[in-house]
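Notes for the one structure printed next.
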Amino acid sequence: MTTRTFPPGFLWGVATAGHQNEGDNVGSDTWFVEHVTPTVFREPSGKACDGYRLWAEDVDLASSLGLTAYRFSVEWARVEPVEGEYSDEALAHYEAIVDRCLERGMAPVVTFNHFTAPHWFAKKGGWLDADAPATFARYCDRVMAAFGDRIAYALTLNEPNLCWMLRWVPLPDFVRDLERATLAAASEAAGVERYRLANVMVPEEFDDMAEGMEAAHRAARAVIKARRPELPVGFSIAIVDDRVVGDDPTVRDAKREDVYGRWMRLAREDDFVGVQNYEAAWYDANGAVGPDGGPAGGLHSGVEHTSLAGTVAYTYEQTGVPVLVTEHGRATADDAERVAFIPPALESLLDVMESGVPVLGYIHWTFMDNFEWIFGFGDHALGLFAVDRETFERTPKPSADVYAAIVRAHGVPG
């Protein structure tokens with residue numbers, strides 16, 4: 001059997017995220033909101049995967065798959081637990097992860113903010129606060145001063161457009177009502193007028209939140225580049241492969257402008273853009289439909305192995321900058337579905353690369369089953385490794401072997 005190979009230097013990685021993996025992130029906005037009543041979070045994160053303690057084992061496990069990149073996030077709430085005061089211990093912790101990645105031959109892909117922020121930041125209104133961009137840039141500069149000379153790629157923000165994307169997903173009204181009630185409960189518990197975080201928003205604040213995050217990205221990019229001009233800087237976009245049923249693209253195009261437009265234009269200023277894709281969605285002249293024109297499904301109902309290639313091609317068409325796949329995977333409790341999903345998805349990615357789309361690498365979400373935000377530790381498992389909820393032992397699934405074989409071949413069957 002012949003093998004279709006990826007270009008030299010193409011990165012193969014897995015992704016983790018601070019709050020979702022580390023556990024006991026007690027100084028963060030999300031930890032606080034998990035514990036108010038009512039809350040949109042199904043359960044608290046607790047110790048998550050105990051990743052703050054087991055980080056070295058995790059880096060070594062990733063390396064054992066033959067990977068050449070490791071994406072992780074620095075947890076702002078740990079680095080700056082009190083506004084203007086920085087933790088040397090936390091900075092040394094993340095610096096150690098960077099150094100171990102390099103020792104294992106993996107490029108450190110560092111996300112400076114993966115949704116979560118310090119409790120004190122949310123009490124000030126989060127990204128609605130006029131000082132938020134400068135505050136975030138100051139934190140990013142401190143991280144860069146500690147170990148920015150050794151990282152390979154910098155992602156300032158993770159999916160700043162997520163809430164826009166979710167409002168195009170058919171969800172029961174009670175979910176929207178619960179989000180609003182959660183923010184009200186958090187504001188009351190914190191004793192402030194508006195307690196705000198990045199992945200639970202109310203629609204009337206979307207525009208102001210977006211302006212704050214866009215300004216924060218620009219400010220962060222400036223301080224990162226001031227420290228190290230040659231370091232590639234970007235951010236990641238949550239993107240669905242939006243498709244048209246019939247011959248009228250009006251709704252599909254309106255969705256694209258609403259969910260991605262601002263962020264695609266912003267990404268044109270960057271060195272690369274992170275693409276995070278899990279599914280496709282279909283639209284006719286009247287709205288969301290199923291692939292056959294029937295009723296639309298809910299979140300993760302449009303799993304389609306070609307969706308990654310479609311989103312990568314669209315993103316490059318819109319931005320003109322190289323793409324780094326920073327998340328892609330299969331949300332399922334049945335790993336056999338993930339085993340069947342990964343190879344054809346990568347084949348279709350290679351197809352668009354061979355057509356001329358520059359893709360820097362592929363980072364699979366996720367390394368291990370973790371805390372999936374409002375879904376907790378339930379049915380939305382995406383990991384290549386299972387995690388025992390009592391002992392935190394990591395156990396490889398068959399999909400880990402499938403992915404590792406592709407990585408070691410640096411290609412897919414032709």
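The way I read the labels, and the way they are meant: chains A, B, ... in the order of the structure tokens, residue 1 as the first residue of every chain, and ligand 1 as the first ligand shown, with later ones counted on from there.
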
Non-local contacts of Arg194 of chain A (10 Å; only C-alpha atoms; under 6 positions in same chain excluded) as a list of chain:residue names
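Residues meeting the cut-off are A:Ala122, A:Lys123, A:Lys124, A:Gly125, A:Gly126, A:Leu128, A:Leu183, A:Ala184, A:Ala185, A:Ala186, A:Ser187, A:Glu188.
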
Residues as selected, N, CA and C atoms, written as a PDB file, in the first residue's frame, can you do that?
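After the write, out.pdb holds the following:
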```pdb
ATOM      1  N   ALA A 122     -13.171  38.981  35.905  1.00  0.00           N
ATOM      2  CA  ALA A 122     -14.601  38.838  35.639  1.00  0.00           C
ATOM      3  C   ALA A 122     -15.419  39.801  36.495  1.00  0.00           C
ATOM      4  N   LYS A 123     -14.976  40.061  37.710  1.00  0.00           N
ATOM      5  CA  LYS A 123     -15.690  41.002  38.577  1.00  0.00           C
ATOM      6  C   LYS A 123     -15.694  42.414  37.993  1.00  0.00           C
ATOM      7  N   LYS A 124     -14.702  42.725  37.194  1.00  0.00           N
ATOM      8  CA  LYS A 124     -14.623  44.040  36.551  1.00  0.00           C
ATOM      9  C   LYS A 124     -15.417  44.096  35.242  1.00  0.00           C
ATOM     10  N   GLY A 125     -16.072  42.995  34.896  1.00  0.00           N
ATOM     11  CA  GLY A 125     -16.843  42.939  33.657  1.00  0.00           C
ATOM     12  C   GLY A 125     -16.159  42.189  32.547  1.00  0.00           C
ATOM     13  N   GLY A 126     -15.010  41.564  32.833  1.00  0.00           N
ATOM     14  CA  GLY A 126     -14.302  40.784  31.814  1.00  0.00           C
ATOM     15  C   GLY A 126     -13.942  41.648  30.620  1.00  0.00           C
ATOM     16  N   LEU A 128     -15.704  43.351  28.789  1.00  0.00           N
ATOM     17  CA  LEU A 128     -16.460  44.601  28.690  1.00  0.00           C
ATOM     18  C   LEU A 128     -15.725  45.764  29.352  1.00  0.00           C
ATOM     19  N   LEU A 183     -25.305  34.213  34.923  1.00  0.00           N
ATOM     20  CA  LEU A 183     -24.566  35.465  35.042  1.00  0.00           C
ATOM     21  C   LEU A 183     -25.158  36.349  36.138  1.00  0.00           C
ATOM     22  N   ALA A 184     -26.476  36.347  36.255  1.00  0.00           N
ATOM     23  CA  ALA A 184     -27.111  37.126  37.317  1.00  0.00           C
ATOM     24  C   ALA A 184     -26.720  36.587  38.691  1.00  0.00           C
ATOM     25  N   ALA A 185     -26.709  35.260  38.822  1.00  0.00           N
ATOM     26  CA  ALA A 185     -26.340  34.653  40.099  1.00  0.00           C
ATOM     27  C   ALA A 185     -24.880  34.922  40.441  1.00  0.00           C
ATOM     28  N   ALA A 186     -24.020  34.860  39.433  1.00  0.00           N
ATOM     29  CA  ALA A 186     -22.596  35.122  39.662  1.00  0.00           C
ATOM     30  C   ALA A 186     -22.367  36.574  40.055  1.00  0.00           C
ATOM     31  N   SER A 187     -23.067  37.483  39.408  1.00  0.00           N
ATOM     32  CA  SER A 187     -22.922  38.905  39.735  1.00  0.00           C
ATOM     33  C   SER A 187     -23.345  39.164  41.178  1.00  0.00           C
ATOM     34  N   GLU A 188     -24.460  38.556  41.565  1.00  0.00           N
ATOM     35  CA  GLU A 188     -24.940  38.735  42.943  1.00  0.00           C
ATOM     36  C   GLU A 188     -23.966  38.130  43.946  1.00  0.00           C
TER      37      GLU A 188
END
```

Hey, which bits of segment 229-336 of chain A sit within 7 Å of segment 362-380 of chain A, and for each residue what's the closest pair of atoms and how far apart in Å (one decimal), counting only C-alpha atoms, rows by chain and increasing number, as CSV?
```
residue,atom,partner,partner_atom,distance
A:Leu324,CA,A:Tyr362,CA,6.5
A:Val325,CA,A:Tyr362,CA,4.8
A:Thr326,CA,A:Ile363,CA,4.9
A:Glu327,CA,A:Trp365,CA,4.9
A:His328,CA,A:His364,CA,5.2
A:Gly329,CA,A:Trp365,CA,5.3
A:Ala331,CA,A:His380,CA,5.1
A:Thr332,CA,A:His380,CA,5.9
A:Ala333,CA,A:Asp379,CA,6.1
```

Rank nothing, just name the residue among A:Arg268, A:His19, A:Lys397, A:His300 nearest to Val323 of chain A, using only C-alpha atoms.
A:Arg268

Could you make a table, as CSV, of the residues of segment 179-255 of chain A that have an atom within 7 Å of an atom of segment 282-297 of chain A, each with its nearest atom pair and distance in Å to one decimal, counting only C-alpha atoms, in chain and number order?
```
residue,atom,partner,partner_atom,distance
A:Asp242,CA,A:Trp282,CA,5.9
A:Arg243,CA,A:Trp282,CA,4.7
A:Val244,CA,A:Tyr283,CA,5.0
A:Val245,CA,A:Asp284,CA,4.9
A:Gly246,CA,A:Asp284,CA,6.1
A:Asp248,CA,A:Ala285,CA,5.3
A:Pro249,CA,A:Ala285,CA,6.8
A:Thr250,CA,A:Ala285,CA,6.3
A:Val251,CA,A:Ala285,CA,6.0
A:Arg252,CA,A:Tyr283,CA,5.7
```

With distances taken over only C-alpha atoms, the candidate from A:Phe341, A:Phe112, A:Phe235, A:Tyr153 nearest Arg78 of chain A is A:Phe112

Atom CA of Met165 of chain A to atom CA of Phe41 of chain A measures 18.6 Å
